[in-house]
$ cat entry_21.txt   # compact mmCIF, C-alpha atoms
# COMPACT_ATOMS: atom_id res chain seq x y z
CA MET A 1 -6.35 -25.35 15.64
CA THR A 2 -10.06 -25.47 16.39
CA VAL A 3 -11.09 -22.24 18.12
CA ALA A 4 -13.93 -22.38 20.66
CA ASP A 5 -13.58 -19.07 22.51
CA PRO A 6 -16.00 -16.55 20.93
CA THR A 7 -14.17 -13.51 22.31
CA SER A 8 -10.87 -14.54 20.75
CA TRP A 9 -12.62 -15.33 17.49
CA ASP A 10 -14.36 -11.93 17.46
CA ALA A 11 -10.97 -10.25 17.83
CA PHE A 12 -9.44 -12.34 15.04
CA VAL A 13 -12.28 -11.59 12.61
CA GLU A 14 -12.46 -7.88 13.35
CA ALA A 15 -8.69 -7.51 13.00
CA SER A 16 -8.73 -9.23 9.61
CA ASP A 17 -8.84 -7.27 6.38
CA PRO A 18 -11.47 -7.92 5.31
CA GLY A 19 -13.46 -9.36 8.22
CA SER A 20 -17.16 -9.99 7.81
CA TYR A 21 -19.96 -9.91 10.39
CA LEU A 22 -21.06 -13.27 8.95
CA GLN A 23 -17.88 -14.75 10.42
CA LEU A 24 -18.64 -13.52 13.95
CA PRO A 25 -20.05 -15.92 16.57
CA ALA A 26 -23.18 -13.76 16.73
CA TRP A 27 -24.08 -14.92 13.21
CA ALA A 28 -23.65 -18.53 14.27
CA SER A 29 -26.24 -17.93 16.99
CA VAL A 30 -28.61 -16.49 14.38
CA LYS A 31 -28.29 -19.59 12.22
CA ALA A 32 -28.45 -22.05 15.12
CA VAL A 33 -32.24 -21.76 15.28
CA ASN A 34 -32.36 -23.19 11.74
CA GLY A 35 -30.28 -26.22 12.63
CA TRP A 36 -26.78 -25.00 11.74
CA THR A 37 -23.87 -25.86 14.01
CA ALA A 38 -20.68 -23.78 14.08
CA HIS A 39 -17.10 -25.02 13.90
CA ARG A 40 -14.24 -22.51 13.95
CA ILE A 41 -11.08 -23.80 12.35
CA SER A 42 -7.86 -21.90 11.71
CA ALA A 43 -4.34 -22.77 10.68
CA GLU A 44 -1.00 -21.01 10.68
CA ALA A 45 1.51 -21.18 7.88
CA GLY A 46 5.19 -21.20 8.65
CA GLY A 47 7.23 -18.03 8.38
CA PRO A 48 5.38 -14.87 7.29
CA GLY A 49 2.38 -16.83 6.01
CA GLY A 50 -0.01 -15.62 8.69
CA THR A 51 -3.16 -17.21 10.09
CA ILE A 52 -6.22 -18.12 8.04
CA GLY A 53 -9.46 -19.45 9.48
CA ALA A 54 -13.20 -19.71 9.09
CA GLN A 55 -16.35 -20.10 11.09
CA ILE A 56 -17.89 -23.02 9.23
CA LEU A 57 -21.61 -23.64 9.59
CA VAL A 58 -22.82 -27.21 9.09
CA ARG A 59 -26.35 -28.38 8.38
CA ARG A 60 -27.52 -31.95 7.88
CA PRO A 61 -30.60 -31.98 5.62
CA ARG A 62 -32.73 -35.04 6.16
CA PRO A 63 -32.63 -37.79 5.05
CA MET A 64 -29.15 -37.40 3.55
CA PRO A 65 -26.28 -38.89 5.56
CA TRP A 66 -23.97 -36.00 4.68
CA GLY A 67 -23.83 -32.53 6.10
CA PHE A 68 -23.29 -29.41 3.99
CA ALA A 69 -20.63 -27.02 5.30
CA TYR A 70 -20.56 -23.33 4.51
CA ALA A 71 -18.28 -20.51 5.71
CA PRO A 72 -20.25 -17.35 4.85
CA ARG A 73 -17.84 -14.63 3.73
CA GLY A 74 -14.99 -16.75 4.96
CA PRO A 75 -12.29 -17.56 5.44
CA VAL A 76 -10.68 -14.50 7.00
CA ALA A 77 -6.96 -14.12 7.48
CA SER A 78 -4.05 -12.14 8.79
CA GLY A 79 -2.11 -13.21 5.70
CA TRP A 80 -3.17 -14.69 2.35
CA THR A 81 -0.37 -16.87 1.03
CA PRO A 82 -0.38 -20.21 -0.81
CA ASP A 83 1.15 -21.86 2.27
CA ALA A 84 -1.57 -20.47 4.52
CA ILE A 85 -4.30 -21.64 2.14
CA GLY A 86 -2.71 -25.08 1.98
CA ALA A 87 -2.50 -25.34 5.76
CA PHE A 88 -6.12 -24.20 6.15
CA THR A 89 -7.33 -26.71 3.55
CA ALA A 90 -5.48 -29.55 5.27
CA ALA A 91 -6.99 -28.51 8.62
CA ILE A 92 -10.50 -28.67 7.16
CA ARG A 93 -9.94 -32.11 5.64
CA GLU A 94 -8.61 -33.45 8.91
CA ARG A 95 -10.66 -31.70 11.59
CA LEU A 96 -14.05 -30.82 10.20
CA PRO A 97 -15.31 -34.39 9.63
CA ALA A 98 -13.91 -35.38 13.02
CA ALA A 99 -15.90 -32.58 14.67
CA ALA A 100 -19.05 -32.52 12.51
CA GLY A 101 -19.40 -36.01 11.01
CA ARG A 102 -19.71 -36.87 7.31
CA ILE A 103 -19.52 -33.76 5.11
CA SER A 104 -20.30 -33.64 1.39
CA HIS A 105 -18.43 -30.42 0.64
CA VAL A 106 -17.33 -27.13 2.15
CA ARG A 107 -18.22 -23.87 0.44
CA ILE A 108 -16.39 -20.58 1.01
CA ASP A 109 -16.89 -17.11 -0.50
CA PRO A 110 -14.22 -14.79 0.92
CA GLU A 111 -14.56 -11.05 0.42
CA ILE A 112 -11.47 -10.89 -1.77
CA GLU A 113 -11.57 -8.60 -4.78
CA ALA A 114 -10.86 -10.40 -8.04
CA ASP A 115 -7.50 -9.21 -9.42
CA GLY A 116 -7.19 -6.86 -6.44
CA LEU A 117 -4.34 -6.46 -3.96
CA LEU A 118 -4.88 -9.93 -2.47
CA ASP A 119 -5.49 -11.61 -5.85
CA PRO A 120 -3.04 -10.00 -8.28
CA ASP A 121 -3.57 -11.49 -11.75
CA GLY A 122 -5.67 -14.26 -10.14
CA ALA A 123 -2.87 -15.50 -7.86
CA LEU A 124 -5.16 -16.24 -4.91
CA ARG A 125 -7.59 -18.14 -7.11
CA ARG A 126 -4.75 -20.24 -8.47
CA ALA A 127 -3.62 -20.98 -4.90
CA LEU A 128 -7.14 -22.16 -4.04
CA GLN A 129 -7.22 -24.41 -7.09
CA ASP A 130 -3.80 -25.81 -6.27
CA SER A 131 -5.11 -26.76 -2.80
CA GLY A 132 -8.15 -28.57 -4.23
CA TRP A 133 -10.83 -25.87 -4.25
CA ARG A 134 -13.10 -25.50 -7.28
CA PRO A 135 -15.39 -22.61 -8.39
CA ALA A 136 -18.98 -23.00 -7.18
CA ALA A 137 -22.37 -21.32 -7.39
CA PRO A 138 -22.54 -18.12 -5.32
CA ILE A 139 -24.61 -17.84 -2.16
CA GLN A 140 -23.72 -14.25 -1.25
CA PRO A 141 -23.77 -11.45 -3.84
CA ASN A 142 -20.64 -11.60 -5.97
CA ALA A 143 -20.48 -7.84 -6.51
CA THR A 144 -21.05 -4.91 -4.19
CA ARG A 145 -20.33 -1.23 -3.83
CA VAL A 146 -18.00 -0.05 -1.07
CA ILE A 147 -17.64 3.55 0.10
CA ASP A 148 -14.32 4.58 1.64
CA LEU A 149 -15.09 6.68 4.73
CA HIS A 150 -11.58 8.02 5.32
CA GLY A 151 -12.37 11.35 3.63
CA ASP A 152 -14.17 14.22 5.30
CA GLU A 153 -17.93 14.63 5.25
CA ASP A 154 -17.93 17.29 2.55
CA ALA A 155 -15.93 15.02 0.24
CA LEU A 156 -18.33 12.12 0.87
CA TYR A 157 -21.33 14.31 0.13
CA GLY A 158 -19.64 15.62 -2.99
CA ASP A 159 -19.31 12.03 -4.25
CA LEU A 160 -23.09 11.76 -4.44
CA ARG A 161 -24.52 12.40 -7.87
CA LYS A 162 -26.01 15.86 -8.26
CA LYS A 163 -29.53 14.42 -8.58
CA TRP A 164 -29.01 12.34 -5.46
CA ARG A 165 -28.02 15.45 -3.47
CA GLN A 166 -31.15 17.15 -4.75
CA TYR A 167 -33.24 14.21 -3.55
CA VAL A 168 -31.57 14.31 -0.13
CA ASN A 169 -32.44 17.98 0.16
CA LYS A 170 -35.98 17.37 -1.10
CA ALA A 171 -36.57 14.88 1.71
CA ARG A 172 -35.15 17.28 4.28
CA THR A 173 -37.26 20.23 3.15
CA SER A 174 -40.39 18.08 3.27
CA GLY A 175 -39.73 17.38 6.94
CA ILE A 176 -38.28 13.86 6.72
CA THR A 177 -35.86 13.06 9.55
CA VAL A 178 -33.67 10.03 10.24
CA VAL A 179 -33.71 8.42 13.68
CA ASP A 180 -32.04 5.48 15.41
CA ALA A 181 -34.52 3.01 16.86
CA ASP A 182 -34.58 0.19 19.37
CA GLY A 183 -35.71 -3.36 18.82
CA ASP A 184 -39.29 -2.54 19.77
CA ARG A 185 -39.68 -1.06 16.27
CA LEU A 186 -38.64 -4.22 14.43
CA GLY A 187 -42.28 -4.83 13.57
CA GLU A 188 -42.33 -1.54 11.64
CA PHE A 189 -39.05 -2.47 9.96
CA TYR A 190 -40.49 -5.80 8.84
CA ARG A 191 -43.70 -4.24 7.52
CA ILE A 192 -41.66 -1.95 5.26
CA TYR A 193 -39.27 -4.74 4.27
CA ARG A 194 -42.20 -7.00 3.44
CA GLU A 195 -43.82 -4.28 1.32
CA THR A 196 -40.52 -3.77 -0.52
CA ALA A 197 -40.13 -7.50 -1.16
CA ASP A 198 -43.66 -7.82 -2.52
CA ARG A 199 -43.17 -4.81 -4.79
CA ALA A 200 -39.74 -5.83 -6.11
CA GLY A 201 -40.34 -9.58 -6.26
CA PHE A 202 -37.75 -11.11 -3.93
CA LEU A 203 -38.01 -13.58 -1.08
CA ILE A 204 -37.47 -12.72 2.57
CA ARG A 205 -37.70 -14.68 5.80
CA ALA A 206 -40.19 -14.45 8.64
CA GLU A 207 -40.00 -11.47 10.98
CA SER A 208 -38.42 -13.65 13.69
CA ALA A 209 -35.29 -14.11 11.53
CA TYR A 210 -34.51 -10.38 11.53
CA ARG A 211 -35.34 -10.15 15.22
CA ASP A 212 -32.74 -12.88 15.75
CA VAL A 213 -30.16 -10.77 13.86
CA TRP A 214 -30.94 -7.75 16.03
CA GLU A 215 -30.79 -9.69 19.29
CA ALA A 216 -27.48 -11.29 18.30
CA PHE A 217 -25.65 -8.12 17.24
CA ALA A 218 -27.29 -5.21 19.06
CA PRO A 219 -26.11 -6.01 22.61
CA SER A 220 -22.46 -5.58 21.53
CA GLY A 221 -23.24 -2.37 19.64
CA ARG A 222 -22.78 -4.02 16.25
CA ALA A 223 -26.32 -3.42 14.94
CA ARG A 224 -28.29 -0.24 14.18
CA LEU A 225 -31.91 0.14 13.15
CA LEU A 226 -32.64 3.37 11.26
CA PHE A 227 -35.88 4.94 10.06
CA ALA A 228 -36.58 7.89 7.82
CA GLN A 229 -39.92 9.24 9.01
CA THR A 230 -42.36 12.09 8.56
CA PRO A 231 -42.86 14.86 11.16
CA ASP A 232 -45.72 12.85 12.68
CA GLY A 233 -43.51 9.77 13.06
CA GLU A 234 -44.73 7.69 10.11
CA PRO A 235 -41.77 5.58 8.87
CA GLN A 236 -41.18 5.69 5.12
CA ALA A 237 -37.82 3.93 4.79
CA THR A 238 -35.66 1.71 6.98
CA LEU A 239 -32.21 0.13 7.19
CA LEU A 240 -30.78 -2.55 9.46
CA LEU A 241 -27.00 -2.07 9.64
CA VAL A 242 -24.42 -4.49 11.03
CA ARG A 243 -20.81 -3.65 11.93
CA SER A 244 -17.67 -5.76 12.12
CA GLY A 245 -14.63 -3.83 13.29
CA PRO A 246 -14.28 -0.74 11.07
CA ARG A 247 -16.75 -2.00 8.44
CA VAL A 248 -20.46 -1.17 8.32
CA VAL A 249 -22.74 -3.27 6.11
CA GLU A 250 -26.39 -2.68 5.19
CA PRO A 251 -27.79 -6.15 4.53
CA TYR A 252 -31.51 -5.32 4.94
CA GLY A 253 -33.65 -2.33 4.07
CA GLY A 254 -36.64 -1.01 2.21
CA MET A 255 -39.09 1.82 1.70
CA THR A 256 -42.80 2.39 1.36
CA ALA A 257 -44.43 3.77 -1.77
CA ALA A 258 -44.79 7.10 0.03
CA GLY A 259 -41.07 6.98 0.85
CA GLY A 260 -40.32 6.74 -2.83
CA ASP A 261 -42.36 9.86 -3.49
CA SER A 262 -40.77 11.86 -0.65
CA ARG A 263 -37.23 10.55 -1.45
CA ALA A 264 -36.94 9.45 2.17
CA ASN A 265 -34.72 6.54 1.11
CA TYR A 266 -32.10 8.95 -0.30
CA LEU A 267 -31.87 10.89 2.95
CA LEU A 268 -31.80 7.66 4.94
CA LYS A 269 -28.93 6.21 2.94
CA TRP A 270 -26.90 9.40 3.17
CA GLU A 271 -27.42 9.69 6.92
CA ALA A 272 -26.43 6.03 7.38
CA ILE A 273 -23.18 6.68 5.50
CA ARG A 274 -22.48 9.99 7.23
CA SER A 275 -23.19 8.77 10.76
CA SER A 276 -21.18 5.57 10.24
CA ARG A 277 -18.14 7.68 9.41
CA GLU A 278 -18.87 9.88 12.43
CA ALA A 279 -18.91 6.73 14.61
CA GLY A 280 -15.42 5.76 13.44
CA ALA A 281 -16.13 3.32 10.61
CA THR A 282 -13.68 3.38 7.71
CA SER A 283 -15.82 1.67 5.05
CA TYR A 284 -19.51 1.32 4.22
CA ASP A 285 -20.61 -1.73 2.24
CA LEU A 286 -23.84 -1.27 0.28
CA TRP A 287 -24.13 -5.07 0.19
CA GLY A 288 -24.75 -6.37 -3.24
CA LEU A 289 -26.11 -5.08 -6.53
CA ALA A 290 -29.12 -7.37 -6.71
CA THR A 291 -31.11 -5.81 -9.57
CA GLY A 292 -30.64 -3.08 -12.14
CA GLY A 293 -32.79 -0.64 -10.18
CA ILE A 294 -31.08 -1.31 -6.86
CA ALA A 295 -27.63 -1.12 -8.46
CA HIS A 296 -28.47 2.21 -10.11
CA PHE A 297 -29.74 3.63 -6.81
CA LYS A 298 -26.62 2.56 -4.92
CA THR A 299 -24.21 3.79 -7.59
CA GLY A 300 -25.41 7.34 -7.02
CA PHE A 301 -23.94 7.38 -3.51
CA GLY A 302 -20.34 7.12 -4.69
CA GLY A 303 -17.80 4.50 -3.73
CA ARG A 304 -16.60 1.89 -6.14
CA GLU A 305 -17.89 -1.41 -7.42
CA VAL A 306 -16.06 -4.49 -6.16
CA GLN A 307 -16.18 -7.88 -7.89
CA TYR A 308 -15.26 -10.79 -5.63
CA ILE A 309 -13.42 -14.00 -6.49
CA GLY A 310 -16.69 -15.89 -5.96
CA ALA A 311 -17.61 -19.08 -4.17
CA TRP A 312 -15.37 -22.15 -3.98
CA ASP A 313 -16.03 -25.75 -2.97
CA LEU A 314 -13.77 -28.29 -1.34
CA VAL A 315 -15.38 -31.64 -2.11
CA LEU A 316 -15.02 -34.24 0.63
CA SER A 317 -17.56 -36.68 -0.84
CA PRO A 318 -18.33 -36.46 -4.59
CA LEU A 319 -21.49 -38.55 -4.19
CA GLY A 320 -22.66 -36.43 -1.28
CA ARG A 321 -22.10 -33.19 -3.20
CA GLN A 322 -24.07 -34.50 -6.19
CA ALA A 323 -26.97 -35.50 -3.93
CA TYR A 324 -26.91 -32.13 -2.20
CA GLU A 325 -26.95 -30.13 -5.44
CA SER A 326 -29.94 -32.11 -6.74
CA ALA A 327 -31.86 -31.57 -3.50
CA GLN A 328 -30.95 -27.87 -3.49
CA ARG A 329 -32.36 -27.28 -6.95
CA VAL A 330 -35.67 -28.79 -5.86
CA ARG A 331 -35.74 -26.76 -2.64
CA VAL A 332 -35.01 -23.42 -4.35
CA GLY A 333 -37.61 -24.04 -7.03
CA TRP A 334 -40.21 -24.88 -4.40
CA SER A 335 -39.35 -21.77 -2.36
CA ARG A 336 -39.66 -19.54 -5.41
CA ARG A 337 -43.04 -21.00 -6.37
CA ARG A 338 -44.32 -20.69 -2.82
CA GLY A 339 -43.11 -17.08 -2.62
CA GLY A 340 -44.46 -16.14 -6.04
CA VAL A 341 -40.99 -15.33 -7.40
CA GLY A 342 -40.37 -16.08 -11.05
CA VAL A 343 -37.40 -17.90 -12.45
CA GLY A 344 -35.56 -14.63 -13.04
CA GLY A 345 -36.47 -13.13 -9.68
CA SER A 346 -34.06 -12.39 -6.89
CA ALA A 347 -34.18 -14.73 -3.92
CA ALA A 348 -33.04 -12.10 -1.48
CA ALA A 349 -33.07 -8.34 -1.60
CA TYR A 350 -29.52 -7.70 -0.52
CA GLY A 351 -28.28 -11.28 -0.39
CA ALA A 352 -27.52 -11.27 3.31
CA ALA A 353 -27.09 -15.00 3.87
CA ASP A 354 -30.82 -15.52 3.68

$ encode --input "entry_21.txt" --output "structure tokens"
Amino acid sequence: MTVADPTSWDAFVEASDPGSYLQLPAWASVKAVNGWTAHRISAEAGGPGGTIGAQILVRRPRPMPWGFAYAPRGPVASGWTPDAIGAFTAAIRERLPAAAGRISHVRIDPEIEADGLLDPDGALRRALQDSGWRPAAPIQPNATRVIDLHGDEDALYGDLRKKWRQYVNKARTSGITVVDADGDRLGEFYRIYRETADRAGFLIRAESAYRDVWEAFAPSGRARLLFAQTPDGEPQATLLLVRSGPRVVEPYGGMTAAGGDSRANYLLKWEAIRSSREAGATSYDLWGLATGGIAHFKTGFGGREVQYIGAWDLVLSPLGRQAYESAQRVRVGWSRRRGGVGVGGSAAAYGAAD
């Protein structure tokens, strides 16, 4: 079926395990300003197969006659079986071109752990291949660190490395506090994020893009903006968190040079984890391990590293896919040169569908 009702789709995504905020209708509204249209397609397998579906975003780059379709962190499902994957694939082949016009290929990157419970010995990947999907270049980070919030606060704090706990305490004793903020402080968030991007050498979008994220998710209580600041209110570190069901994700954040000296970012991260658990979340996703320094910093907060099964393409037009890939290489190279990012640089700090 093709699902149009956003409320029903929200419920389906948030009940899925896993279910990503990038599959919620709010994310479709964020991407709409950049020319993406959303199509929500799901299919049910017979028997105990369950339902599998995806919010598929389609963009038609000029002057190509094909659209590119992408389901960020999708599909999501109530059951991952070969029959369900087959039914979902058939639904895409039949319904997506009818709804969206000519499509070169569809890319998915579900948050399924490679060789994990849903992919034992690669079984899910084999089911995708059997249905016509092929491995593709990643768009979202292919590895992350996830903290299980089911334990008590003392256990979570004990999972921090000893040095990390010392840094948390250092920030506290120097008067750093962590506060929730409203959207009127997004300008401060962006200033810190911009400084972080310039220092670390990754590309970010204009301030309006992050304002769009806030305005899409905050009204439903799915977004939080946090600052670690000095006693006189000067922000030294910031995080923009997004929630989907019981999962909290931190796709965007940064710190000032002074925040690095005061260790404000350590206190901020800990308070984000602690308060997310207090608010009823059961997992905290540190969202990607973009560089060695970022990965090292995140590892100190506990949790475990998760490697995903990666991105997969369903090719609907071989010629269209070849044309798209050629155009994409040119576009990425131009963006990197314009942003001053070298060939080895990271295109996005935390990979959040930028």

$ atom_distance --input "entry_21.txt" --atom1 "CA of Val249 in chain A" --atom2 "CA of Ala28 in chain A"
17.3 Å

$ closest_residue --input "entry_21.txt" --among "A:Asp148, A:Glu195, A:Glu325, A:Asp313" --to "Ile92 in chain A" --atoms "all atoms listed in the file"
A:Asp313

$ residues_around --input "entry_21.txt" --residues "Pro25 in chain A" --least-positions-apart "6" --cutoff "12 Å" --atoms "all atoms listed in the file" --output "MDAnalysis selection string"
chainID A and resid 3:14 31:32 37:40 54:57 71:72 213 216:217 220 244

$ closest_residue --input "entry_21.txt" --among "A:Gly254, A:Gly302, A:Pro135, A:Gly101" --to "Arg199 in chain A" --atoms "all atoms listed in the file"
A:Gly254

$ atom_distance --input "entry_21.txt" --atom1 "CA of Tyr21 in chain A" --atom2 "CA of Thr51 in chain A"
18.3 Å

$ decode --input "entry_21.txt" --residues "range 271-283 of chain A" --atoms "N, CA, C and O atoms" --output "CSV table (one decimal), in the first residue's frame"
chain,number,residue,atom,x,y,z
A,271,GLU,N,25.3,15.0,30.1
A,271,GLU,CA,24.0,15.5,30.5
A,271,GLU,C,22.9,15.2,29.5
A,271,GLU,O,21.8,14.9,29.8
A,272,ALA,N,23.3,15.2,28.2
A,272,ALA,CA,22.4,14.8,27.1
A,272,ALA,C,22.0,13.3,27.3
A,272,ALA,O,20.9,12.9,27.2
A,273,ILE,N,23.0,12.5,27.6
A,273,ILE,CA,22.7,11.0,27.8
A,273,ILE,C,21.9,10.8,29.0
A,273,ILE,O,20.9,10.1,29.0
A,274,ARG,N,22.3,11.4,30.1
A,274,ARG,CA,21.6,11.3,31.4
A,274,ARG,C,20.1,11.7,31.3
A,274,ARG,O,19.2,11.0,31.8
A,275,SER,N,19.9,12.9,30.8
A,275,SER,CA,18.6,13.5,30.7
A,275,SER,C,17.7,12.8,29.7
A,275,SER,O,16.5,12.7,29.9
A,276,SER,N,18.3,12.2,28.7
A,276,SER,CA,17.5,11.4,27.7
A,276,SER,C,17.0,10.1,28.4
A,276,SER,O,15.8,9.8,28.2
A,277,ARG,N,17.8,9.5,29.2
A,277,ARG,CA,17.3,8.4,30.0
A,277,ARG,C,16.2,8.8,31.0
A,277,ARG,O,15.2,8.1,31.1
A,278,GLU,N,16.4,9.9,31.6
A,278,GLU,CA,15.4,10.4,32.6
A,278,GLU,C,14.1,10.7,31.9
A,278,GLU,O,13.0,10.6,32.5
A,279,ALA,N,14.1,11.1,30.6
A,279,ALA,CA,12.9,11.4,29.9
A,279,ALA,C,12.3,10.1,29.3
A,279,ALA,O,11.3,10.3,28.5
A,280,GLY,N,12.8,9.0,29.5
A,280,GLY,CA,12.2,7.7,29.1
A,280,GLY,C,12.8,7.1,27.9
A,280,GLY,O,12.3,6.0,27.4
A,281,ALA,N,13.8,7.6,27.3
A,281,ALA,CA,14.5,7.0,26.2
A,281,ALA,C,15.2,5.7,26.6
A,281,ALA,O,15.7,5.6,27.7
A,282,THR,N,15.3,4.8,25.7
A,282,THR,CA,15.9,3.5,26.0
A,282,THR,C,17.3,3.3,25.3
A,282,THR,O,18.0,2.4,25.5
A,283,SER,N,17.6,4.2,24.3
A,283,SER,CA,18.9,4.2,23.6
A,283,SER,C,19.3,5.6,23.2
A,283,SER,O,18.4,6.4,22.9
